[in-house]
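Structure data follow from start_21.cif (mmCIF, C-alpha atoms and all ligand atoms):
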```
data_coords
loop_
_atom_site.group_PDB
_atom_site.id
_atom_site.type_symbol
_atom_site.label_atom_id
_atom_site.label_comp_id
_atom_site.auth_asym_id
_atom_site.auth_seq_id
_atom_site.Cartn_x
_atom_site.Cartn_y
_atom_site.Cartn_z
ATOM 1 C CA MET J 300 0.000 0.000 0.000
ATOM 2 C CA VAL J 301 1.273 3.499 -0.760
ATOM 3 C CA ARG J 302 0.798 6.540 1.434
ATOM 4 C CA ASP J 303 -2.107 8.735 0.391
ATOM 5 C CA LEU J 304 -1.126 12.065 -1.139
ATOM 6 C CA ALA J 305 -3.398 15.072 -1.444
ATOM 7 C CA PRO J 306 -2.551 16.717 -4.780
ATOM 8 C CA SER J 307 -3.355 20.178 -3.464
ATOM 9 C CA SER J 308 -0.412 21.475 -1.503
ATOM 10 C CA GLY J 309 3.011 22.843 -2.424
ATOM 11 C CA ASP J 310 3.887 22.788 -6.114
ATOM 12 C CA ALA J 311 1.222 20.133 -6.736
ATOM 13 C CA GLY J 312 -1.283 22.932 -6.100
ATOM 14 C CA PHE J 313 -0.247 24.528 -9.405
ATOM 15 C CA LEU J 314 -1.399 21.456 -11.279
ATOM 16 C CA VAL J 315 -4.966 20.377 -11.942
ATOM 17 C CA VAL J 316 -4.780 16.916 -10.473
ATOM 18 C CA ARG J 317 -7.321 14.593 -8.942
ATOM 19 C CA ARG J 318 -6.495 11.583 -6.814
ATOM 20 C CA ILE J 319 -8.222 8.364 -7.896
ATOM 21 C CA PRO J 320 -8.912 6.038 -4.965
ATOM 22 C CA SER J 321 -7.188 2.665 -5.258
ATOM 23 C CA PRO J 322 -6.057 0.216 -2.573
ATOM 24 C CA SER J 323 -3.014 -0.972 -4.494
ATOM 25 C CA ALA J 324 -1.452 2.125 -6.072
ATOM 26 C CA LEU J 325 -1.275 5.866 -5.795
ATOM 27 C CA LEU J 326 -3.108 7.261 -8.831
ATOM 28 C CA TRP J 327 -3.241 10.854 -10.052
ATOM 29 C CA LEU J 328 -5.453 11.892 -12.945
ATOM 30 C CA ILE J 329 -4.031 15.048 -14.492
ATOM 31 C CA ASP J 330 -5.912 17.538 -16.570
ATOM 32 C CA MET J 331 -2.850 18.069 -18.771
ATOM 33 C CA GLN J 332 -4.381 20.942 -20.696
ATOM 34 C CA ALA J 333 -5.223 22.988 -17.583
ATOM 35 C CA SER J 334 -1.962 22.011 -15.864
ATOM 36 C CA ALA J 335 0.090 23.015 -18.898
ATOM 37 C CA ALA J 336 -1.647 26.420 -18.881
ATOM 38 C CA ALA J 337 -0.856 26.821 -15.165
ATOM 39 C CA LEU J 338 2.806 25.910 -15.717
ATOM 40 C CA LYS J 339 2.993 28.466 -18.499
ATOM 41 C CA ARG J 340 1.884 31.120 -15.994
ATOM 42 C CA HIS J 341 4.376 29.812 -13.376
ATOM 43 C CA PRO J 342 7.411 28.569 -15.359
ATOM 44 C CA ILE J 343 9.514 28.464 -12.191
ATOM 45 C CA VAL J 344 7.564 25.376 -11.074
ATOM 46 C CA ALA J 345 8.482 23.429 -14.214
ATOM 47 C CA GLN J 346 12.089 24.612 -13.951
ATOM 48 C CA ARG J 347 12.232 23.353 -10.380
ATOM 49 C CA TRP J 348 11.188 19.794 -11.245
ATOM 50 C CA LEU J 349 12.060 18.862 -14.816
ATOM 51 C CA THR J 350 15.422 17.158 -15.243
ATOM 52 C CA ARG J 351 17.759 16.905 -18.222
ATOM 53 C CA SER J 352 16.347 13.488 -19.045
ATOM 54 C CA ASP J 353 12.835 14.969 -19.133
ATOM 55 C CA HIS J 354 13.977 17.784 -21.415
ATOM 56 C CA ARG J 355 15.618 15.212 -23.723
ATOM 57 C CA ARG J 356 12.290 13.358 -23.998
ATOM 58 C CA LEU J 357 10.325 16.575 -24.485
ATOM 59 C CA LYS J 358 12.662 17.689 -27.270
ATOM 60 C CA ARG J 359 11.511 14.694 -29.330
ATOM 61 C CA ILE J 360 7.893 15.910 -29.228
ATOM 62 C CA ARG J 361 7.312 18.308 -32.125
ATOM 63 C CA ASP J 362 3.841 19.571 -31.296
ATOM 64 C CA HIS J 363 4.163 22.480 -28.836
ATOM 65 C CA ALA J 364 0.827 21.930 -27.142
ATOM 66 C CA GLU J 365 1.555 18.211 -26.659
ATOM 67 C CA LYS J 366 5.025 19.041 -25.352
ATOM 68 C CA ALA J 367 3.501 21.369 -22.713
ATOM 69 C CA ARG J 368 0.886 18.778 -21.738
ATOM 70 C CA ARG J 369 3.519 16.053 -21.396
ATOM 71 C CA ALA J 370 5.756 18.344 -19.305
ATOM 72 C CA ALA J 371 2.881 18.764 -16.848
ATOM 73 C CA THR J 372 2.732 14.968 -16.398
ATOM 74 C CA TYR J 373 6.467 14.738 -15.758
ATOM 75 C CA VAL J 374 6.293 17.557 -13.192
ATOM 76 C CA ALA J 375 3.421 15.754 -11.443
ATOM 77 C CA LEU J 376 5.352 12.467 -11.354
ATOM 78 C CA ARG J 377 8.384 14.133 -9.810
ATOM 79 C CA ILE J 378 6.257 15.932 -7.215
ATOM 80 C CA MET J 379 4.688 12.578 -6.260
ATOM 81 C CA ILE J 380 8.102 10.948 -5.909
ATOM 82 C CA ALA J 381 9.357 13.858 -3.783
ATOM 83 C CA ALA J 382 6.368 13.568 -1.471
ATOM 84 C CA LEU J 383 6.860 9.820 -1.076
ATOM 85 C CA LEU J 384 10.641 9.500 -0.984
ATOM 86 C CA GLY J 385 12.163 12.974 -0.750
ATOM 87 C CA LYS J 386 13.595 15.472 -3.222
ATOM 88 C CA ARG J 387 16.816 13.574 -3.919
ATOM 89 C CA HIS J 388 14.910 10.717 -5.564
ATOM 90 C CA ALA J 389 12.585 13.116 -7.351
ATOM 91 C CA ARG J 390 15.504 14.449 -9.406
ATOM 92 C CA ALA J 391 16.652 10.996 -10.573
ATOM 93 C CA PRO J 392 17.292 10.630 -14.305
ATOM 94 C CA MET J 393 14.590 8.873 -16.292
ATOM 95 C CA VAL J 394 16.110 5.913 -18.138
ATOM 96 C CA ARG J 395 14.279 4.963 -21.330
ATOM 97 C CA PRO J 396 15.423 1.661 -22.859
ATOM 98 C CA LEU J 397 14.626 1.417 -26.571
ATOM 99 C CA GLY J 398 11.116 -0.040 -26.823
ATOM 100 C CA GLY J 399 11.163 -0.808 -23.075
ATOM 101 C CA LYS J 400 9.620 0.488 -19.885
ATOM 102 C CA PRO J 401 11.007 3.766 -18.541
ATOM 103 C CA ARG J 402 12.395 3.766 -14.992
ATOM 104 C CA LEU J 403 13.819 6.307 -12.589
ATOM 105 C CA ALA J 404 17.446 5.376 -11.924
ATOM 106 C CA GLY J 405 17.975 4.191 -8.349
ATOM 107 C CA VAL J 406 14.448 5.005 -7.174
ATOM 108 C CA PRO J 407 12.865 2.151 -5.180
ATOM 109 C CA ILE J 408 9.378 2.578 -6.586
ATOM 110 C CA SER J 409 7.382 1.383 -9.575
ATOM 111 C CA PHE J 410 5.467 3.808 -11.738
ATOM 112 C CA ASN J 411 3.794 4.107 -15.088
ATOM 113 C CA LEU J 412 2.328 6.942 -17.158
ATOM 114 C CA THR J 413 -0.398 7.182 -19.752
ATOM 115 C CA HIS J 414 -1.829 10.075 -21.778
ATOM 116 C CA SER J 415 -4.780 10.496 -24.085
ATOM 117 C CA GLY J 416 -6.271 13.771 -25.316
ATOM 118 C CA ASP J 417 -6.304 16.275 -22.457
ATOM 119 C CA PHE J 418 -5.766 13.722 -19.709
ATOM 120 C CA GLY J 419 -2.818 11.961 -18.185
ATOM 121 C CA LEU J 420 -2.720 9.303 -15.491
ATOM 122 C CA ILE J 421 0.209 8.430 -13.238
ATOM 123 C CA GLY J 422 0.340 5.250 -11.190
ATOM 124 C CA VAL J 423 2.926 4.751 -8.456
ATOM 125 C CA GLY J 424 3.470 1.692 -6.268
ATOM 126 C CA ARG J 425 5.924 0.822 -3.511
ATOM 127 C CA ARG J 426 6.935 -2.478 -5.095
ATOM 128 C CA GLY J 427 6.343 -4.886 -7.944
ATOM 129 C CA LYS J 428 5.174 -4.180 -11.459
ATOM 130 C CA LEU J 429 2.481 -1.715 -12.369
ATOM 131 C CA GLY J 430 0.907 -0.542 -15.623
ATOM 132 C CA VAL J 431 -1.776 2.049 -16.384
ATOM 133 C CA ASP J 432 -3.605 2.907 -19.561
ATOM 134 C CA LEU J 433 -6.141 5.618 -20.277
ATOM 135 C CA GLU J 434 -8.247 6.431 -23.328
ATOM 136 C CA GLU J 435 -10.306 9.547 -23.851
ATOM 137 C CA VAL J 436 -13.705 8.540 -25.242
ATOM 138 C CA ARG J 437 -14.050 9.264 -28.956
ATOM 139 C CA ASP J 438 -17.194 9.918 -30.977
ATOM 140 C CA SER J 439 -17.180 6.467 -32.532
ATOM 141 C CA LEU J 440 -14.787 3.576 -32.788
ATOM 142 C CA PRO J 441 -14.258 2.305 -36.342
ATOM 143 C CA MET J 442 -13.345 -1.346 -35.747
ATOM 144 C CA ALA J 443 -14.659 -4.572 -37.257
ATOM 145 C CA LEU J 444 -16.765 -6.702 -34.957
ATOM 146 C CA LYS J 445 -14.375 -9.662 -35.170
ATOM 147 C CA HIS J 446 -11.495 -7.502 -33.856
ATOM 148 C CA ARG J 447 -13.709 -6.077 -31.143
ATOM 149 C CA ALA J 448 -14.708 -9.593 -30.135
ATOM 150 C CA ARG J 449 -11.093 -10.777 -29.837
ATOM 151 C CA ILE J 450 -10.043 -7.784 -27.754
ATOM 152 C CA VAL J 451 -13.060 -8.059 -25.470
ATOM 153 C CA GLU J 452 -12.572 -11.805 -25.092
ATOM 154 C CA ALA J 453 -8.953 -11.432 -23.999
ATOM 155 C CA ALA J 454 -9.802 -8.521 -21.683
ATOM 156 C CA ARG J 455 -12.738 -10.391 -20.204
ATOM 157 C CA ALA J 456 -10.414 -13.263 -19.416
ATOM 158 C CA ILE J 457 -7.821 -11.123 -17.667
ATOM 159 C CA GLY J 458 -10.117 -8.634 -15.891
ATOM 160 C CA SER J 459 -12.714 -9.697 -13.367
ATOM 161 C CA ASP J 460 -14.452 -6.375 -12.683
ATOM 162 C CA ARG J 461 -17.222 -6.312 -15.217
ATOM 163 C CA VAL J 462 -18.544 -8.137 -18.268
ATOM 164 C CA LEU J 463 -17.790 -6.277 -21.510
ATOM 165 C CA VAL J 464 -19.811 -6.386 -24.715
ATOM 166 C CA PRO J 465 -18.029 -6.106 -28.110
ATOM 167 C CA GLU J 466 -20.823 -4.100 -29.740
ATOM 168 C CA ARG J 467 -20.446 -1.280 -27.195
ATOM 169 C CA ASP J 468 -17.661 1.255 -27.985
ATOM 170 C CA ARG J 469 -16.995 2.094 -24.317
ATOM 171 C CA ASP J 470 -16.613 -1.595 -23.481
ATOM 172 C CA VAL J 471 -14.138 -2.120 -26.338
ATOM 173 C CA LEU J 472 -12.113 0.871 -25.100
ATOM 174 C CA GLN J 473 -12.220 -0.511 -21.560
ATOM 175 C CA ALA J 474 -11.038 -3.868 -22.891
ATOM 176 C CA TRP J 475 -8.240 -2.166 -24.791
ATOM 177 C CA THR J 476 -7.059 -0.278 -21.680
ATOM 178 C CA ARG J 477 -6.861 -3.585 -19.777
ATOM 179 C CA LEU J 478 -4.640 -5.087 -22.475
ATOM 180 C CA GLU J 479 -2.480 -1.956 -22.789
ATOM 181 C CA ALA J 480 -2.104 -1.647 -19.014
ATOM 182 C CA PHE J 481 -1.073 -5.307 -18.892
ATOM 183 C CA SER J 482 1.491 -4.758 -21.658
ATOM 184 C CA LYS J 483 2.789 -1.747 -19.738
ATOM 185 C CA ALA J 484 2.987 -3.594 -16.422
ATOM 186 C CA THR J 485 5.132 -6.288 -18.021
ATOM 187 C CA GLY J 486 6.969 -3.724 -20.186
ATOM 188 C CA ARG J 487 6.623 -6.023 -23.219
ATOM 189 C CA GLY J 488 4.780 -3.536 -25.424
ATOM 190 C CA ILE J 489 1.354 -3.893 -26.964
ATOM 191 C CA ASN J 490 2.385 -5.733 -30.153
ATOM 192 C CA ARG J 491 4.077 -8.543 -28.301
ATOM 193 C CA THR J 492 1.164 -8.734 -25.862
ATOM 194 C CA LEU J 493 -1.405 -8.987 -28.656
ATOM 195 C CA ALA J 494 0.710 -11.697 -30.297
ATOM 196 C CA ASP J 495 1.056 -13.569 -26.970
ATOM 197 C CA PHE J 496 -2.710 -13.483 -26.587
ATOM 198 C CA GLY J 497 -3.208 -14.701 -30.157
ATOM 199 C CA ILE J 498 -4.999 -11.472 -31.128
ATOM 200 C CA ARG J 499 -2.446 -10.166 -33.627
ATOM 201 C CA LYS J 500 -0.077 -12.103 -35.838
ATOM 202 C CA GLN J 501 3.631 -11.814 -35.134
ATOM 203 C CA GLY J 502 6.188 -13.769 -37.158
ATOM 204 C CA ASN J 503 4.869 -17.246 -37.934
ATOM 205 C CA ALA J 504 2.567 -17.384 -34.928
ATOM 206 C CA ARG J 505 -0.955 -18.528 -35.640
ATOM 207 C CA LEU J 506 -3.791 -16.031 -35.270
ATOM 208 C CA HIS J 507 -6.608 -17.343 -33.098
ATOM 209 C CA THR J 508 -10.103 -16.695 -34.296
ATOM 210 C CA GLN J 509 -11.990 -18.594 -31.623
ATOM 211 C CA GLY J 510 -12.888 -16.485 -28.603
ATOM 212 C CA ASP J 511 -12.267 -19.393 -26.248
ATOM 213 C CA THR J 512 -8.712 -19.851 -27.517
ATOM 214 C CA VAL J 513 -7.952 -16.163 -27.123
ATOM 215 C CA ALA J 514 -9.385 -16.246 -23.620
ATOM 216 C CA ALA J 515 -7.394 -19.339 -22.681
ATOM 217 C CA ARG J 516 -4.154 -17.781 -23.866
ATOM 218 C CA ALA J 517 -4.951 -14.539 -22.041
ATOM 219 C CA ARG J 518 -5.715 -16.400 -18.814
ATOM 220 C CA SER J 519 -2.464 -18.340 -19.019
ATOM 221 C CA GLN J 520 -0.570 -15.006 -19.019
ATOM 222 C CA MET J 521 -2.349 -13.664 -15.984
ATOM 223 C CA PRO J 522 -1.734 -15.668 -12.820
ATOM 224 C CA ARG J 523 0.672 -13.080 -11.462
ATOM 225 C CA TYR J 524 -1.369 -9.997 -12.317
ATOM 226 C CA VAL J 525 -4.579 -8.293 -11.190
ATOM 227 C CA VAL J 526 -6.528 -6.001 -13.510
ATOM 228 C CA ARG J 527 -8.801 -3.191 -12.314
ATOM 229 C CA ASP J 528 -11.084 -0.937 -14.345
ATOM 230 C CA LEU J 529 -10.794 2.591 -12.945
ATOM 231 C CA ARG J 530 -13.744 4.864 -12.273
ATOM 232 C CA LEU J 531 -12.931 8.242 -13.771
ATOM 233 C CA PRO J 532 -14.820 11.213 -15.286
ATOM 234 C CA PRO J 533 -17.277 10.248 -18.054
ATOM 235 C CA ARG J 534 -14.934 11.085 -20.956
ATOM 236 C CA VAL J 535 -12.110 8.920 -19.637
ATOM 237 C CA ILE J 536 -11.703 5.142 -19.530
ATOM 238 C CA ALA J 537 -8.715 3.546 -17.822
ATOM 239 C CA ALA J 538 -7.303 0.397 -16.273
ATOM 240 C CA LEU J 539 -4.634 -0.462 -13.729
ATOM 241 C CA VAL J 540 -2.646 -3.715 -13.742
ATOM 242 C CA ARG J 541 -0.528 -4.804 -10.771
ATOM 243 C CA ASP J 542 1.423 -7.941 -10.103
ATOM 244 C CA VAL J 543 0.480 -9.908 -6.987
HETATM 245 C C1 LIG L 1 4.630 2.795 -25.487
HETATM 246 C C2 LIG L 1 3.441 1.862 -25.338
HETATM 247 C C3 LIG L 1 3.769 0.819 -24.284
HETATM 248 C C4 LIG L 1 2.216 2.650 -24.851
HETATM 249 O O1 LIG L 1 1.847 3.588 -25.806
HETATM 250 P P1 LIG L 1 0.471 4.385 -25.806
HETATM 251 O O2 LIG L 1 -0.657 3.549 -25.303
HETATM 252 O O3 LIG L 1 0.335 4.985 -27.133
HETATM 253 O O4 LIG L 1 0.758 5.562 -24.846
HETATM 254 P P2 LIG L 1 0.447 5.820 -23.323
HETATM 255 O O5 LIG L 1 0.236 7.272 -23.235
HETATM 256 O O6 LIG L 1 -0.579 4.942 -22.723
HETATM 257 O O7 LIG L 1 1.836 5.435 -22.632
HETATM 258 C C5 LIG L 1 2.998 6.098 -22.959
HETATM 259 C C6 LIG L 1 3.897 6.061 -21.766
HETATM 260 O O8 LIG L 1 4.177 4.718 -21.415
HETATM 261 C C7 LIG L 1 5.507 4.618 -20.929
HETATM 262 N N1 LIG L 1 6.140 3.547 -21.708
HETATM 263 C C8 LIG L 1 6.854 3.614 -22.844
HETATM 264 N N2 LIG L 1 7.257 2.376 -23.219
HETATM 265 C C9 LIG L 1 6.784 1.523 -22.286
HETATM 266 C C10 LIG L 1 6.881 0.101 -22.115
HETATM 267 N N3 LIG L 1 7.519 -0.699 -22.968
HETATM 268 N N4 LIG L 1 6.277 -0.440 -21.036
HETATM 269 C C11 LIG L 1 5.625 0.333 -20.143
HETATM 270 N N5 LIG L 1 5.509 1.675 -20.256
HETATM 271 C C12 LIG L 1 6.077 2.251 -21.325
HETATM 272 C C13 LIG L 1 6.167 5.977 -21.100
HETATM 273 O O9 LIG L 1 6.219 6.604 -19.828
HETATM 274 C C14 LIG L 1 5.247 6.697 -22.051
HETATM 275 O O10 LIG L 1 5.088 8.068 -21.801
HETATM 276 P P3 LIG L 1 6.279 9.095 -21.994
HETATM 277 O O11 LIG L 1 6.979 8.743 -23.253
HETATM 278 O O12 LIG L 1 5.627 10.431 -22.020
HETATM 279 O O13 LIG L 1 7.141 8.911 -20.768
HETATM 280 C C15 LIG L 1 3.068 1.180 -26.703
HETATM 281 O O14 LIG L 1 3.011 2.102 -27.704
HETATM 282 C C16 LIG L 1 4.015 0.103 -27.094
HETATM 283 O O15 LIG L 1 3.769 -1.042 -26.839
HETATM 284 N N6 LIG L 1 5.104 0.406 -27.729
HETATM 285 C C17 LIG L 1 5.996 -0.655 -28.116
HETATM 286 C C18 LIG L 1 7.294 -0.117 -28.443
HETATM 287 C C19 LIG L 1 8.100 -1.246 -28.977
HETATM 288 O O16 LIG L 1 7.880 -2.394 -28.695
HETATM 289 N N7 LIG L 1 9.072 -0.916 -29.765
HETATM 290 C C20 LIG L 1 9.897 -1.941 -30.295
HETATM 291 C C21 LIG L 1 10.809 -1.394 -31.291
HETATM 292 S S1 LIG L 1 11.922 -0.252 -30.576
#
```
Can you give me the file's structure in the form of structure tokens?
Ligand SMILES: CC(C)(COP(=O)(O)OP(=O)(O)OC[C@H]1O[C@@H](n2cnc3c(N)ncnc32)[C@H](O)[C@@H]1OP(=O)(O)O)[C@@H](O)C(=O)NCCC(=O)NCCS
Amino acid sequence: MVRDLAPSSGDAGFLVVRRIPSPSALLWLIDMQASAAALKRHPIVAQRWLTRSDHRRLKRIRDHAEKARRAATYVALRIMIAALLGKRHARAPMVRPLGGKPRLAGVPISFNLTHSGDFGLIGVGRRGKLGVDLEEVRDSLPMALKHRARIVEAARAIGSDRVLVPERDRDVLQAWTRLEAFSKATGRGINRTLADFGIRKQGNARLHTQGDTVAARARSQMPRYVVRDLRLPPRVIAALVRDV
């Protein structure tokens, strides 16, 4: 269990952040758009927290608005780490292996980030592996029913919270966040995860078309992990995956 943190005091008060209750991780939902605007008005706050490794990552983002939104997430992460472990750890360099899961060098904590549209979500845990994924709800989801069915089947097998229906866009997005969060907890990436589950072809692997087969493969991946759908504002769908 991680110590509760109220995102309202100190520099966190400059950000528009809401804590999402969870027994197994500390979760902050960030309104990246509003937080980026606040940081623009108070640039000293961003200067105080962002490290060289953050600036290196931000440099690779071309779109200025996206860059500002992403910076707000990195500031929030570092404020969380400072509150939990002290300022020394909060300034640790972010190590980003090619295609792998980012980590904070020498910091005894697990974390993961996700962004979609105006929102970002940060998950932090004291130990083990953790993955989060968030999707902002779109007007409609153009996806063939057979793909929807595979995704929902795998997600249904790995997540116990709620039954999902492939015809419903919100349920398909929820299913997708479960699979993404799982891929982010393990650090394997979504393509490898979809191939492991038999949802997407990789190399010579066979693609499974039967829902039961997809579900069986998904279940076989899951004994060490727990999946939770997160209750967030209406426009946002998200999932948290933790190892047990
Ligand atoms: C990166 C990835 C895990 C999530 O992407 P996404 O759903 O579009 O984006 P999200 O906003 O949910 O998550 C992005 C965040 O996840 C984190 N992340 C990146 N790679 C990750 C990985 N392998 N595992 C866990 N988290 C990862 C980062 O913090 C990133 O945000 P940041 O760049 O601002 O720090 C997904 O795109 C993926 O699987 N990529 C595979 C990359 C890969 O396998 N490359 C191989 C060739 S190099």
Report, as JSON, the centre and edge lengths in Å (one decimal) of the axis-aligned box enclosing every listed atom of region 400-407 of chain J, padded by 3 Å on each side.
```
{"center_x": 13.8, "center_y": 3.4, "center_z": -12.5, "size_x": 14.4, "size_y": 11.8, "size_z": 20.7}
```
Which of these, J:Ser308, J:Ser415, J:Ser352, J:Thr372, has the shortest distance to Ala335 (chain J) once you count all atoms listed in the file?
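That would be J:Thr372, the residue with the smallest distance to Ala335 (chain J).
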What would the selection look like, as a count of residues only, if the PyMOL selection byres (((not hetatm)) within 9 of (chain L and resi 1)) were run on the coordinates I just shared?
45
Taking the file above as input, evaluate the PyMOL selection byres (((chain J and resi 440-448) around 7) and not hetatm) and report the hits as a VMD selection string.
chain J and resid 437 439 449 to 452 465 468 471
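Across the structure, CA of Gln473 (chain J) and CA of Glu365 (chain J) are spaced 23.8 Å apart.
Proximity to Ile329 (chain J) was assessed for J:Val535, J:Ala389, J:Leu403, J:Ala382 counting all atoms listed in the file; the smallest distance is recorded for J:Val535.
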Just want the 12 Å neighbourhood of Gly312 (chain J), counted on all atoms listed in the file, with same-chain residues fewer than 6 positions away dropped. Output as a CSV table (one decimal) with C-alpha atoms, in the frame of the given file.
```
chain,number,residue,atom,x,y,z
J,304,LEU,CA,-1.1,12.1,-1.1
J,305,ALA,CA,-3.4,15.1,-1.4
J,306,PRO,CA,-2.6,16.7,-4.8
J,329,ILE,CA,-4.0,15.0,-14.5
J,334,SER,CA,-2.0,22.0,-15.9
J,337,ALA,CA,-0.9,26.8,-15.2
J,338,LEU,CA,2.8,25.9,-15.7
J,341,HIS,CA,4.4,29.8,-13.4
J,344,VAL,CA,7.6,25.4,-11.1
J,374,VAL,CA,6.3,17.6,-13.2
J,375,ALA,CA,3.4,15.8,-11.4
J,378,ILE,CA,6.3,15.9,-7.2
J,379,MET,CA,4.7,12.6,-6.3
```
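Residues lying within 12 Å of (0.3, -10.2, -12.3). Counted over all atoms listed in the file, they are Gly427, Lys428, Leu429, Gly430, Ile457, Gly458, Ala480, Phe481, Ser482, Lys483, Ala484, Thr485, Ala517, Arg518, Ser519, Gln520, Met521, Pro522, Arg523, Tyr524, Val525, Val526, Arg527, Leu539, Val540, Arg541, Asp542 and Val543 of chain J.
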For a quick check of your reading of the model, name the residues lying within 6 Å of the coordinate (8.6, 20.2, -13.7), counting only C-alpha atoms, and write them as number ranges by chain.
J: 344-349, 374
What does the structure give for the distance between CA of Ala538 (chain J) and CA of Pro320 (chain J), in Å to one decimal?
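These two atoms are separated by 12.7 Å.
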What is the CA of Met331 (chain J)-CA of Asp417 (chain J) distance in Å, reported with one decimal?
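Separation between CA of Met331 (chain J) and CA of Asp417 (chain J): 5.4 Å.
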Which residue is closest to Ala474 (chain J)? Choose from J:Arg425, J:Arg351, J:Ile536, J:Gly497 and count all atoms listed in the file.
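Ranking J:Arg425, J:Arg351, J:Ile536, J:Gly497 by distance to Ala474 (chain J), first place goes to J:Ile536.
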